[in-house]
file input-v5.cif (mmCIF, N, CA and C atoms)
data_my_file
#
loop_
_atom_site.label_atom_id
_atom_site.label_comp_id
_atom_site.auth_asym_id
_atom_site.auth_seq_id
_atom_site.Cartn_x
_atom_site.Cartn_y
_atom_site.Cartn_z
N GLY L 1 -36.12 39.00 15.82
CA GLY L 1 -36.40 40.40 15.71
C GLY L 1 -35.41 41.12 14.82
N ALA L 2 -34.13 40.85 15.04
CA ALA L 2 -33.11 41.55 14.25
C ALA L 2 -33.18 41.13 12.79
N MET L 3 -33.50 39.87 12.55
CA MET L 3 -33.58 39.40 11.16
C MET L 3 -34.74 40.10 10.45
N MET L 4 -35.86 40.23 11.12
CA MET L 4 -37.00 40.92 10.53
C MET L 4 -36.66 42.38 10.26
N ASN L 5 -36.02 43.03 11.21
CA ASN L 5 -35.62 44.42 11.00
C ASN L 5 -34.66 44.54 9.84
N SER L 6 -33.78 43.56 9.70
CA SER L 6 -32.81 43.58 8.61
C SER L 6 -33.52 43.58 7.26
N TYR L 7 -34.52 42.73 7.11
CA TYR L 7 -35.26 42.68 5.85
C TYR L 7 -36.11 43.94 5.65
N CYS L 8 -36.66 44.46 6.74
CA CYS L 8 -37.52 45.64 6.63
C CYS L 8 -36.75 46.87 6.18
N PHE L 9 -35.48 46.93 6.49
CA PHE L 9 -34.69 48.09 6.10
C PHE L 9 -34.61 48.25 4.58
N PHE L 10 -34.78 47.15 3.84
CA PHE L 10 -34.68 47.25 2.40
C PHE L 10 -35.85 48.04 1.80
N GLY L 11 -36.89 48.30 2.58
CA GLY L 11 -37.97 49.17 2.14
C GLY L 11 -37.50 50.60 1.91
N PHE L 12 -36.40 50.97 2.55
CA PHE L 12 -35.87 52.32 2.38
C PHE L 12 -35.25 52.52 1.00
N VAL L 13 -35.01 51.45 0.27
CA VAL L 13 -34.46 51.58 -1.08
C VAL L 13 -35.42 52.39 -1.95
N TRP L 14 -36.73 52.28 -1.68
CA TRP L 14 -37.72 53.06 -2.43
C TRP L 14 -37.53 54.54 -2.18
N HIS L 15 -37.24 54.90 -0.94
CA HIS L 15 -37.11 56.31 -0.58
C HIS L 15 -35.71 56.86 -0.86
N LEU L 16 -34.71 55.99 -0.85
CA LEU L 16 -33.33 56.41 -1.05
C LEU L 16 -32.70 55.59 -2.18
N PRO L 17 -33.16 55.74 -3.41
CA PRO L 17 -32.69 54.86 -4.48
C PRO L 17 -31.21 54.98 -4.79
N GLY L 18 -30.58 56.10 -4.53
CA GLY L 18 -29.16 56.25 -4.81
C GLY L 18 -28.27 55.85 -3.64
N TRP L 19 -28.86 55.39 -2.57
CA TRP L 19 -28.12 55.09 -1.35
C TRP L 19 -28.19 53.61 -0.99
N THR L 20 -28.10 52.75 -1.98
CA THR L 20 -28.27 51.31 -1.76
C THR L 20 -27.24 50.76 -0.77
N ASN L 21 -26.00 51.16 -0.88
CA ASN L 21 -24.97 50.66 0.04
C ASN L 21 -25.23 51.13 1.47
N PHE L 22 -25.71 52.36 1.62
CA PHE L 22 -26.03 52.87 2.95
C PHE L 22 -27.17 52.07 3.57
N VAL L 23 -28.19 51.79 2.77
CA VAL L 23 -29.32 51.00 3.27
C VAL L 23 -28.86 49.59 3.64
N LEU L 24 -27.99 49.00 2.83
CA LEU L 24 -27.45 47.68 3.14
C LEU L 24 -26.65 47.70 4.45
N ALA L 25 -25.87 48.75 4.66
CA ALA L 25 -25.10 48.88 5.90
C ALA L 25 -26.02 49.02 7.10
N LEU L 26 -27.08 49.80 6.96
CA LEU L 26 -28.05 49.93 8.05
C LEU L 26 -28.73 48.60 8.34
N SER L 27 -29.06 47.88 7.27
CA SER L 27 -29.69 46.58 7.41
C SER L 27 -28.80 45.63 8.18
N THR L 28 -27.53 45.62 7.86
CA THR L 28 -26.58 44.74 8.55
C THR L 28 -26.37 45.17 9.99
N SER L 29 -26.44 46.45 10.27
CA SER L 29 -26.19 46.94 11.63
C SER L 29 -27.29 46.55 12.61
N THR L 30 -28.45 46.14 12.12
CA THR L 30 -29.52 45.76 13.05
C THR L 30 -29.13 44.58 13.92
N TYR L 31 -28.28 43.70 13.42
CA TYR L 31 -27.83 42.56 14.22
C TYR L 31 -26.96 43.05 15.39
N GLN L 32 -26.08 43.99 15.13
CA GLN L 32 -25.21 44.49 16.19
C GLN L 32 -26.01 45.29 17.22
N ILE L 33 -26.95 46.08 16.76
CA ILE L 33 -27.77 46.87 17.68
C ILE L 33 -28.60 45.96 18.57
N SER L 34 -29.16 44.90 18.00
CA SER L 34 -29.98 44.00 18.82
C SER L 34 -29.14 43.27 19.86
N ALA L 35 -27.86 43.08 19.60
CA ALA L 35 -26.98 42.46 20.59
C ALA L 35 -26.69 43.40 21.75
N LEU L 36 -26.82 44.70 21.53
CA LEU L 36 -26.58 45.67 22.60
C LEU L 36 -27.73 45.78 23.59
N VAL L 37 -28.94 45.43 23.17
CA VAL L 37 -30.12 45.62 24.03
C VAL L 37 -29.97 44.90 25.37
N PRO L 38 -29.60 43.60 25.41
CA PRO L 38 -29.45 42.96 26.73
C PRO L 38 -28.36 43.60 27.59
N MET L 39 -27.29 44.06 26.94
CA MET L 39 -26.22 44.70 27.71
C MET L 39 -26.69 46.03 28.31
N VAL L 40 -27.47 46.78 27.55
CA VAL L 40 -28.02 48.04 28.06
C VAL L 40 -29.00 47.76 29.19
N PHE L 41 -29.85 46.74 29.03
CA PHE L 41 -30.79 46.37 30.09
C PHE L 41 -30.04 46.02 31.38
N GLN L 42 -28.99 45.23 31.25
CA GLN L 42 -28.23 44.82 32.42
C GLN L 42 -27.59 46.03 33.10
N SER L 43 -27.06 46.93 32.31
CA SER L 43 -26.44 48.12 32.89
C SER L 43 -27.47 48.98 33.62
N ILE L 44 -28.64 49.14 33.01
CA ILE L 44 -29.69 49.93 33.66
C ILE L 44 -30.12 49.28 34.96
N MET L 45 -30.26 47.95 34.95
CA MET L 45 -30.69 47.26 36.18
C MET L 45 -29.63 47.36 37.28
N GLN L 46 -28.34 47.39 36.91
CA GLN L 46 -27.29 47.51 37.91
C GLN L 46 -27.22 48.91 38.51
N HIS L 47 -27.55 49.93 37.73
CA HIS L 47 -27.41 51.31 38.19
C HIS L 47 -28.71 51.91 38.74
N THR L 48 -29.82 51.22 38.58
CA THR L 48 -31.10 51.70 39.10
C THR L 48 -31.78 50.57 39.87
N SER L 49 -32.94 50.85 40.37
CA SER L 49 -33.68 49.81 41.09
C SER L 49 -34.70 49.11 40.19
N LEU L 50 -34.62 49.36 38.89
CA LEU L 50 -35.55 48.71 37.97
C LEU L 50 -35.24 47.23 37.80
N THR L 51 -36.30 46.45 37.62
CA THR L 51 -36.13 45.03 37.32
C THR L 51 -36.39 44.82 35.83
N LEU L 52 -36.32 43.59 35.40
CA LEU L 52 -36.46 43.30 33.98
C LEU L 52 -37.87 43.59 33.46
N ALA L 53 -38.90 43.33 34.28
CA ALA L 53 -40.28 43.51 33.82
C ALA L 53 -40.58 44.94 33.36
N PRO L 54 -40.28 45.97 34.15
CA PRO L 54 -40.55 47.33 33.66
C PRO L 54 -39.70 47.70 32.44
N LEU L 55 -38.47 47.19 32.38
CA LEU L 55 -37.63 47.48 31.22
C LEU L 55 -38.23 46.88 29.95
N ILE L 56 -38.76 45.68 30.07
CA ILE L 56 -39.41 45.05 28.91
C ILE L 56 -40.64 45.88 28.51
N GLY L 57 -41.40 46.37 29.50
CA GLY L 57 -42.56 47.20 29.20
C GLY L 57 -42.17 48.49 28.50
N ILE L 58 -41.11 49.13 28.98
CA ILE L 58 -40.63 50.36 28.34
C ILE L 58 -40.16 50.07 26.92
N HIS L 59 -39.43 48.97 26.79
CA HIS L 59 -38.93 48.59 25.46
C HIS L 59 -40.10 48.30 24.51
N ALA L 60 -41.12 47.59 24.99
CA ALA L 60 -42.28 47.30 24.15
C ALA L 60 -43.00 48.58 23.74
N SER L 61 -43.08 49.55 24.66
CA SER L 61 -43.71 50.83 24.33
C SER L 61 -42.92 51.57 23.26
N LEU L 62 -41.60 51.57 23.38
CA LEU L 62 -40.77 52.22 22.37
C LEU L 62 -40.89 51.52 21.02
N VAL L 63 -40.97 50.20 21.03
CA VAL L 63 -41.13 49.45 19.78
C VAL L 63 -42.47 49.77 19.14
N ALA L 64 -43.53 49.87 19.96
CA ALA L 64 -44.85 50.20 19.42
C ALA L 64 -44.85 51.60 18.80
N CYS L 65 -44.20 52.54 19.45
CA CYS L 65 -44.11 53.90 18.89
C CYS L 65 -43.32 53.90 17.59
N ALA L 66 -42.23 53.14 17.56
CA ALA L 66 -41.42 53.06 16.34
C ALA L 66 -42.21 52.40 15.20
N ALA L 67 -42.98 51.36 15.54
CA ALA L 67 -43.79 50.69 14.52
C ALA L 67 -44.83 51.65 13.95
N PHE L 68 -45.44 52.45 14.82
CA PHE L 68 -46.42 53.43 14.34
C PHE L 68 -45.74 54.46 13.43
N GLY L 69 -44.58 54.93 13.83
CA GLY L 69 -43.84 55.89 13.00
C GLY L 69 -43.46 55.29 11.65
N CYS L 70 -43.05 54.03 11.66
CA CYS L 70 -42.70 53.36 10.39
C CYS L 70 -43.92 53.18 9.51
N SER L 71 -45.07 52.93 10.13
CA SER L 71 -46.28 52.78 9.31
C SER L 71 -46.66 54.09 8.64
N LEU L 72 -46.34 55.22 9.28
CA LEU L 72 -46.60 56.52 8.66
C LEU L 72 -45.61 56.81 7.54
N ALA L 73 -44.37 56.36 7.71
CA ALA L 73 -43.32 56.63 6.72
C ALA L 73 -43.30 55.61 5.59
N GLY L 74 -44.00 54.50 5.78
CA GLY L 74 -43.97 53.42 4.79
C GLY L 74 -44.68 53.78 3.50
N VAL L 75 -44.42 53.00 2.50
CA VAL L 75 -45.00 53.21 1.17
C VAL L 75 -46.41 52.63 1.15
N ASP L 76 -47.39 53.43 0.71
CA ASP L 76 -48.73 52.87 0.56
C ASP L 76 -48.82 52.20 -0.82
N ILE L 77 -49.88 51.45 -1.04
CA ILE L 77 -49.98 50.62 -2.23
C ILE L 77 -50.01 51.44 -3.52
N ASP L 78 -50.66 52.61 -3.49
CA ASP L 78 -50.71 53.44 -4.69
C ASP L 78 -49.32 53.99 -5.04
N GLU L 79 -48.57 54.41 -4.02
CA GLU L 79 -47.22 54.90 -4.26
C GLU L 79 -46.33 53.77 -4.78
N PHE L 80 -46.53 52.56 -4.24
CA PHE L 80 -45.75 51.40 -4.70
C PHE L 80 -45.96 51.17 -6.19
N TYR L 81 -47.23 51.14 -6.62
CA TYR L 81 -47.51 50.87 -8.03
C TYR L 81 -47.02 52.00 -8.95
N SER L 82 -47.16 53.25 -8.51
CA SER L 82 -46.70 54.35 -9.36
C SER L 82 -45.17 54.36 -9.45
N GLU L 83 -44.49 54.09 -8.35
CA GLU L 83 -43.02 54.05 -8.37
C GLU L 83 -42.52 52.86 -9.18
N ALA L 84 -43.19 51.72 -9.06
CA ALA L 84 -42.81 50.54 -9.84
C ALA L 84 -42.99 50.81 -11.33
N LYS L 85 -44.07 51.50 -11.69
CA LYS L 85 -44.29 51.84 -13.10
C LYS L 85 -43.20 52.78 -13.61
N ARG L 86 -42.82 53.76 -12.77
CA ARG L 86 -41.78 54.69 -13.17
C ARG L 86 -40.43 53.97 -13.31
N ALA L 87 -40.12 53.08 -12.37
CA ALA L 87 -38.82 52.40 -12.39
C ALA L 87 -38.73 51.35 -13.49
N LEU L 88 -39.82 50.62 -13.71
CA LEU L 88 -39.79 49.52 -14.68
C LEU L 88 -40.20 49.95 -16.09
N GLY L 89 -40.94 51.03 -16.17
CA GLY L 89 -41.40 51.49 -17.48
C GLY L 89 -42.72 50.88 -17.91
N VAL L 90 -43.20 49.92 -17.18
CA VAL L 90 -44.50 49.29 -17.47
C VAL L 90 -45.27 49.16 -16.15
N PRO L 91 -46.58 49.24 -16.21
CA PRO L 91 -47.34 49.10 -14.97
C PRO L 91 -47.37 47.66 -14.48
N LEU L 92 -47.34 47.47 -13.17
CA LEU L 92 -47.49 46.14 -12.61
C LEU L 92 -48.97 45.77 -12.59
N PRO L 93 -49.29 44.52 -12.86
CA PRO L 93 -50.69 44.13 -12.79
C PRO L 93 -51.18 44.12 -11.34
N ARG L 94 -52.36 44.62 -11.14
CA ARG L 94 -52.95 44.62 -9.80
C ARG L 94 -53.40 43.21 -9.46
N PRO L 95 -53.25 42.80 -8.21
CA PRO L 95 -53.68 41.45 -7.83
C PRO L 95 -55.20 41.32 -7.86
N THR L 96 -55.65 40.13 -8.16
CA THR L 96 -57.09 39.87 -8.12
C THR L 96 -57.51 39.73 -6.66
N GLY L 97 -58.78 39.80 -6.42
CA GLY L 97 -59.28 39.70 -5.06
C GLY L 97 -59.17 38.30 -4.48
N ASP L 98 -59.13 37.26 -5.33
CA ASP L 98 -59.09 35.88 -4.86
C ASP L 98 -57.65 35.41 -4.79
N LEU L 99 -57.18 35.08 -3.60
CA LEU L 99 -55.80 34.65 -3.41
C LEU L 99 -55.59 33.16 -3.69
N LYS L 100 -56.64 32.37 -3.67
CA LYS L 100 -56.57 30.92 -3.91
C LYS L 100 -55.51 30.28 -3.02
N ILE L 101 -55.58 30.56 -1.74
CA ILE L 101 -54.57 30.08 -0.81
C ILE L 101 -54.56 28.56 -0.74
N GLY L 102 -55.73 27.95 -0.66
CA GLY L 102 -55.79 26.49 -0.58
C GLY L 102 -55.15 25.82 -1.78
N GLU L 103 -55.42 26.35 -2.97
CA GLU L 103 -54.85 25.80 -4.19
C GLU L 103 -53.32 25.95 -4.19
N LYS L 104 -52.83 27.09 -3.74
CA LYS L 104 -51.38 27.31 -3.70
C LYS L 104 -50.70 26.41 -2.69
N ILE L 105 -51.33 26.20 -1.53
CA ILE L 105 -50.76 25.30 -0.53
C ILE L 105 -50.74 23.87 -1.05
N SER L 106 -51.79 23.48 -1.75
CA SER L 106 -51.83 22.14 -2.34
C SER L 106 -50.71 21.95 -3.36
N LYS L 107 -50.48 22.94 -4.22
CA LYS L 107 -49.40 22.85 -5.21
C LYS L 107 -48.04 22.81 -4.52
N ALA L 108 -47.86 23.62 -3.48
CA ALA L 108 -46.60 23.64 -2.76
C ALA L 108 -46.34 22.30 -2.08
N TRP L 109 -47.37 21.71 -1.49
CA TRP L 109 -47.22 20.41 -0.84
C TRP L 109 -46.86 19.33 -1.86
N HIS L 110 -47.47 19.41 -3.04
CA HIS L 110 -47.14 18.46 -4.11
C HIS L 110 -45.67 18.60 -4.52
N ALA L 111 -45.19 19.83 -4.68
CA ALA L 111 -43.79 20.07 -5.04
C ALA L 111 -42.87 19.62 -3.91
N PHE L 112 -43.27 19.82 -2.68
CA PHE L 112 -42.47 19.41 -1.53
C PHE L 112 -42.30 17.90 -1.50
N ARG L 113 -43.37 17.17 -1.82
CA ARG L 113 -43.33 15.71 -1.78
C ARG L 113 -42.52 15.10 -2.91
N LEU L 114 -42.31 15.83 -4.02
CA LEU L 114 -41.57 15.28 -5.14
C LEU L 114 -40.14 14.88 -4.74
N ASP L 115 -39.49 15.72 -3.97
CA ASP L 115 -38.14 15.44 -3.46
C ASP L 115 -38.16 15.58 -1.95
N LEU L 116 -38.90 14.72 -1.30
CA LEU L 116 -39.16 14.85 0.13
C LEU L 116 -37.87 14.84 0.95
N CYS L 117 -36.96 13.90 0.67
CA CYS L 117 -35.71 13.83 1.45
C CYS L 117 -34.88 15.10 1.29
N ASP L 118 -34.74 15.57 0.05
CA ASP L 118 -33.97 16.79 -0.17
C ASP L 118 -34.58 17.98 0.56
N HIS L 119 -35.90 18.08 0.50
CA HIS L 119 -36.57 19.21 1.17
C HIS L 119 -36.43 19.11 2.69
N LEU L 120 -36.55 17.91 3.23
CA LEU L 120 -36.41 17.76 4.67
C LEU L 120 -34.98 18.10 5.13
N TYR L 121 -33.98 17.66 4.37
CA TYR L 121 -32.60 18.04 4.70
C TYR L 121 -32.43 19.55 4.66
N MET L 122 -33.00 20.18 3.64
CA MET L 122 -32.86 21.63 3.49
C MET L 122 -33.56 22.37 4.63
N VAL L 123 -34.77 21.94 4.98
CA VAL L 123 -35.51 22.59 6.07
C VAL L 123 -34.74 22.44 7.37
N ASN L 124 -34.23 21.24 7.65
CA ASN L 124 -33.46 21.04 8.88
C ASN L 124 -32.17 21.85 8.87
N ALA L 125 -31.49 21.90 7.74
CA ALA L 125 -30.25 22.68 7.65
C ALA L 125 -30.52 24.16 7.89
N LEU L 126 -31.60 24.68 7.31
CA LEU L 126 -31.93 26.09 7.51
C LEU L 126 -32.32 26.36 8.97
N ALA L 127 -33.07 25.44 9.55
CA ALA L 127 -33.47 25.61 10.96
C ALA L 127 -32.24 25.62 11.87
N MET L 128 -31.30 24.71 11.62
CA MET L 128 -30.09 24.68 12.43
C MET L 128 -29.23 25.92 12.20
N ALA L 129 -29.16 26.36 10.96
CA ALA L 129 -28.37 27.57 10.65
C ALA L 129 -28.95 28.78 11.39
N GLN L 130 -30.26 28.87 11.47
CA GLN L 130 -30.88 30.00 12.17
C GLN L 130 -30.64 29.91 13.68
N CYS L 131 -30.59 28.67 14.20
CA CYS L 131 -30.39 28.51 15.64
C CYS L 131 -28.96 28.78 16.07
N PHE L 132 -28.01 28.48 15.19
CA PHE L 132 -26.62 28.56 15.57
C PHE L 132 -25.90 29.79 15.04
N THR L 133 -26.63 30.76 14.48
CA THR L 133 -25.96 31.96 14.01
C THR L 133 -25.64 32.87 15.18
N GLY L 134 -24.65 33.69 15.01
CA GLY L 134 -24.33 34.66 16.05
C GLY L 134 -23.20 34.21 16.85
#
call {"tool": "encode", "arguments": {"input": "input-v5.cif", "output": "structure tokens"}}
result
Amino acid sequence: GAMMNSYCFFGFVWHLPGWTNFVLALSTSTYQISALVPMVFQSIMQHTSLTLAPLIGIHASLVACAAFGCSLAGVDIDEFYSEAKRALGVPLPRPTGDLKIGEKISKAWHAFRLDLCDHLYMVNALAMAQCFTG
């Protein structure tokens, strides 16, 4: 969850282009904030008669409200293309309707098999790094 929030914060760079360091700091702070949630839950459970189940429900409701608010504040596709054109000086090409997912997966699998051992080591290293962070 915190990792996803960390990446999502970079969307604010569109809205705050002169505040890149501030956005980066907010992005990094999501890890610390997510570490506080269990401690806050434990404190609430010690001081009230609430159990974990209602706290999770309240938390899920707050997350749903925040997600809805973010969807309202987020950049729509037309704003994205107009801002990209302004920033880059050239318009971005619009994607075609056909994603050709099967063809892309086939090409990716072919590239994966070219150096199978290297890719397997890398996948395992990344999986372990994600498990042991924090």
call {"tool": "axis_aligned_box", "arguments": {"input": "input-v5.cif", "around": "range 129-132 of chain L", "padding_each_side": "8 Å", "output": "AutoDock Vina command-line options"}}
result
--center_x -28.4 --center_y 28.2 --center_z 13.4 --size_x 21.0 --size_y 19.6 --size_z 21.4
call {"tool": "residues_around", "arguments": {"input": "input-v5.cif", "residues": "range 91-96 of chain L", "least_positions_apart": "4", "cutoff": "6.5 Å", "atoms": "all atoms listed in the file", "output": "ChimeraX atom specification"}}
result
/L:81,84-85
call {"tool": "write_last_selection", "arguments": {"input": "input-v5.cif", "atoms": "N, CA and C atoms", "output": "PDB file, in the coordinates of the input"}}
result
ATOM      1  N   TYR L  81     -47.230  51.140  -6.620  1.00  0.00           N
ATOM      2  CA  TYR L  81     -47.510  50.870  -8.030  1.00  0.00           C
ATOM      3  C   TYR L  81     -47.020  52.000  -8.950  1.00  0.00           C
ATOM      4  N   ALA L  84     -43.190  51.720  -9.060  1.00  0.00           N
ATOM      5  CA  ALA L  84     -42.810  50.540  -9.840  1.00  0.00           C
ATOM      6  C   ALA L  84     -42.990  50.810 -11.330  1.00  0.00           C
ATOM      7  N   LYS L  85     -44.070  51.500 -11.690  1.00  0.00           N
ATOM      8  CA  LYS L  85     -44.290  51.840 -13.100  1.00  0.00           C
ATOM      9  C   LYS L  85     -43.200  52.780 -13.610  1.00  0.00           C
TER      10      LYS L  85
END
call {"tool": "atom_distance", "arguments": {"input": "input-v5.cif", "atom1": "CA of Ile101 in chain L", "atom2": "atom C of Ser6 in chain L"}}
result
26.3 Å
call {"tool": "select_by_dssp", "arguments": {"input": "input-v5.cif", "residues": "chain L", "states": "helix (DSSP H, G or I)", "output": "ChimeraX atom specification"}}
result
/L:2-15,20-47,52-73,77-88,101-114,116-131
call {"tool": "atom_distance", "arguments": {"input": "input-v5.cif", "atom1": "CA of Ala25 in chain L", "atom2": "CA of Phe12 in chain L"}}
result
11.8 Å
call {"tool": "atom_distance", "arguments": {"input": "input-v5.cif", "atom1": "CA of Leu126 in chain L", "atom2": "CA of Tyr7 in chain L"}}
result
17.0 Å
call {"tool": "closest_residue", "arguments": {"input": "input-v5.cif", "among": "L:Asn5, L:Gln42, L:Thr51, L:Asn124", "to": "Leu24 in chain L", "atoms": "only C-alpha atoms"}}
result
L:Asn5
call {"tool": "residues_around", "arguments": {"input": "input-v5.cif", "residues": "Glu79 in chain L", "least_positions_apart": "6", "cutoff": "12 Å", "atoms": "only C-alpha atoms", "output": "ChimeraX atom specification"}}
result
/L:14-15,73,85-87
call {"tool": "build_atoms", "arguments": {"input": "input-v5.cif", "residues": "range 115-124 of chain L", "atoms": "all heavy atoms", "output": "PDB file, in the frame of the given file"}}
result
ATOM      1  N   ASP L 115     -39.490  15.720  -3.970  1.00  0.00           N
ATOM      2  CA  ASP L 115     -38.140  15.440  -3.460  1.00  0.00           C
ATOM      3  C   ASP L 115     -38.160  15.580  -1.950  1.00  0.00           C
ATOM      4  O   ASP L 115     -37.494  16.439  -1.373  1.00  0.00           O
ATOM      5  CB  ASP L 115     -37.128  16.411  -4.079  1.00  0.00           C
ATOM      6  CG  ASP L 115     -36.979  16.236  -5.563  1.00  0.00           C
ATOM      7  OD1 ASP L 115     -36.834  15.083  -6.003  1.00  0.00           O
ATOM      8  OD2 ASP L 115     -37.009  17.241  -6.286  1.00  0.00           O
ATOM      9  N   LEU L 116     -38.900  14.720  -1.300  1.00  0.00           N
ATOM     10  CA  LEU L 116     -39.160  14.850   0.130  1.00  0.00           C
ATOM     11  C   LEU L 116     -37.870  14.840   0.950  1.00  0.00           C
ATOM     12  O   LEU L 116     -37.676  15.693   1.818  1.00  0.00           O
ATOM     13  CB  LEU L 116     -40.098  13.730   0.597  1.00  0.00           C
ATOM     14  CG  LEU L 116     -40.562  13.814   2.044  1.00  0.00           C
ATOM     15  CD1 LEU L 116     -41.357  15.086   2.253  1.00  0.00           C
ATOM     16  CD2 LEU L 116     -41.396  12.602   2.408  1.00  0.00           C
ATOM     17  N   CYS L 117     -36.960  13.900   0.670  1.00  0.00           N
ATOM     18  CA  CYS L 117     -35.710  13.830   1.450  1.00  0.00           C
ATOM     19  C   CYS L 117     -34.880  15.100   1.290  1.00  0.00           C
ATOM     20  O   CYS L 117     -34.377  15.636   2.281  1.00  0.00           O
ATOM     21  CB  CYS L 117     -34.897  12.605   1.036  1.00  0.00           C
ATOM     22  SG  CYS L 117     -35.625  11.058   1.612  1.00  0.00           S
ATOM     23  N   ASP L 118     -34.740  15.570   0.050  1.00  0.00           N
ATOM     24  CA  ASP L 118     -33.970  16.790  -0.170  1.00  0.00           C
ATOM     25  C   ASP L 118     -34.580  17.980   0.560  1.00  0.00           C
ATOM     26  O   ASP L 118     -33.874  18.779   1.175  1.00  0.00           O
ATOM     27  CB  ASP L 118     -33.883  17.105  -1.663  1.00  0.00           C
ATOM     28  CG  ASP L 118     -33.029  16.110  -2.421  1.00  0.00           C
ATOM     29  OD1 ASP L 118     -32.234  15.398  -1.774  1.00  0.00           O
ATOM     30  OD2 ASP L 118     -33.158  16.042  -3.655  1.00  0.00           O
ATOM     31  N   HIS L 119     -35.900  18.080   0.500  1.00  0.00           N
ATOM     32  CA  HIS L 119     -36.570  19.210   1.170  1.00  0.00           C
ATOM     33  C   HIS L 119     -36.430  19.110   2.690  1.00  0.00           C
ATOM     34  O   HIS L 119     -36.225  20.124   3.363  1.00  0.00           O
ATOM     35  CB  HIS L 119     -38.042  19.276   0.769  1.00  0.00           C
ATOM     36  CG  HIS L 119     -38.253  19.834  -0.591  1.00  0.00           C
ATOM     37  ND1 HIS L 119     -38.674  19.062  -1.642  1.00  0.00           N
ATOM     38  CD2 HIS L 119     -38.085  21.079  -1.085  1.00  0.00           C
ATOM     39  CE1 HIS L 119     -38.768  19.808  -2.724  1.00  0.00           C
ATOM     40  NE2 HIS L 119     -38.407  21.037  -2.420  1.00  0.00           N
ATOM     41  N   LEU L 120     -36.550  17.910   3.230  1.00  0.00           N
ATOM     42  CA  LEU L 120     -36.410  17.760   4.670  1.00  0.00           C
ATOM     43  C   LEU L 120     -34.980  18.100   5.130  1.00  0.00           C
ATOM     44  O   LEU L 120     -34.797  18.742   6.171  1.00  0.00           O
ATOM     45  CB  LEU L 120     -36.790  16.345   5.111  1.00  0.00           C
ATOM     46  CG  LEU L 120     -38.285  16.035   5.025  1.00  0.00           C
ATOM     47  CD1 LEU L 120     -38.545  14.577   5.389  1.00  0.00           C
ATOM     48  CD2 LEU L 120     -39.096  16.959   5.915  1.00  0.00           C
ATOM     49  N   TYR L 121     -33.980  17.660   4.370  1.00  0.00           N
ATOM     50  CA  TYR L 121     -32.600  18.040   4.700  1.00  0.00           C
ATOM     51  C   TYR L 121     -32.430  19.550   4.660  1.00  0.00           C
ATOM     52  O   TYR L 121     -31.793  20.148   5.528  1.00  0.00           O
ATOM     53  CB  TYR L 121     -31.601  17.394   3.736  1.00  0.00           C
ATOM     54  CG  TYR L 121     -31.375  15.919   3.978  1.00  0.00           C
ATOM     55  CD1 TYR L 121     -31.448  15.011   2.936  1.00  0.00           C
ATOM     56  CD2 TYR L 121     -31.070  15.436   5.250  1.00  0.00           C
ATOM     57  CE1 TYR L 121     -31.238  13.663   3.143  1.00  0.00           C
ATOM     58  CE2 TYR L 121     -30.866  14.091   5.470  1.00  0.00           C
ATOM     59  CZ  TYR L 121     -30.945  13.202   4.416  1.00  0.00           C
ATOM     60  OH  TYR L 121     -30.740  11.879   4.626  1.00  0.00           O
ATOM     61  N   MET L 122     -33.000  20.180   3.640  1.00  0.00           N
ATOM     62  CA  MET L 122     -32.860  21.630   3.490  1.00  0.00           C
ATOM     63  C   MET L 122     -33.560  22.370   4.630  1.00  0.00           C
ATOM     64  O   MET L 122     -33.014  23.314   5.195  1.00  0.00           O
ATOM     65  CB  MET L 122     -33.423  22.083   2.145  1.00  0.00           C
ATOM     66  CG  MET L 122     -33.288  23.562   1.934  1.00  0.00           C
ATOM     67  SD  MET L 122     -31.587  24.069   1.926  1.00  0.00           S
ATOM     68  CE  MET L 122     -31.461  24.712   0.313  1.00  0.00           C
ATOM     69  N   VAL L 123     -34.770  21.940   4.980  1.00  0.00           N
ATOM     70  CA  VAL L 123     -35.510  22.590   6.070  1.00  0.00           C
ATOM     71  C   VAL L 123     -34.740  22.440   7.370  1.00  0.00           C
ATOM     72  O   VAL L 123     -34.594  23.398   8.143  1.00  0.00           O
ATOM     73  CB  VAL L 123     -36.932  22.001   6.173  1.00  0.00           C
ATOM     74  CG1 VAL L 123     -37.596  22.391   7.478  1.00  0.00           C
ATOM     75  CG2 VAL L 123     -37.775  22.445   4.999  1.00  0.00           C
ATOM     76  N   ASN L 124     -34.230  21.240   7.650  1.00  0.00           N
ATOM     77  CA  ASN L 124     -33.460  21.040   8.880  1.00  0.00           C
ATOM     78  C   ASN L 124     -32.170  21.850   8.870  1.00  0.00           C
ATOM     79  O   ASN L 124     -31.779  22.410   9.900  1.00  0.00           O
ATOM     80  CB  ASN L 124     -33.154  19.552   9.081  1.00  0.00           C
ATOM     81  CG  ASN L 124     -34.371  18.790   9.537  1.00  0.00           C
ATOM     82  OD1 ASN L 124     -35.181  19.305  10.293  1.00  0.00           O
ATOM     83  ND2 ASN L 124     -34.520  17.564   9.067  1.00  0.00           N
TER      84      ASN L 124
END
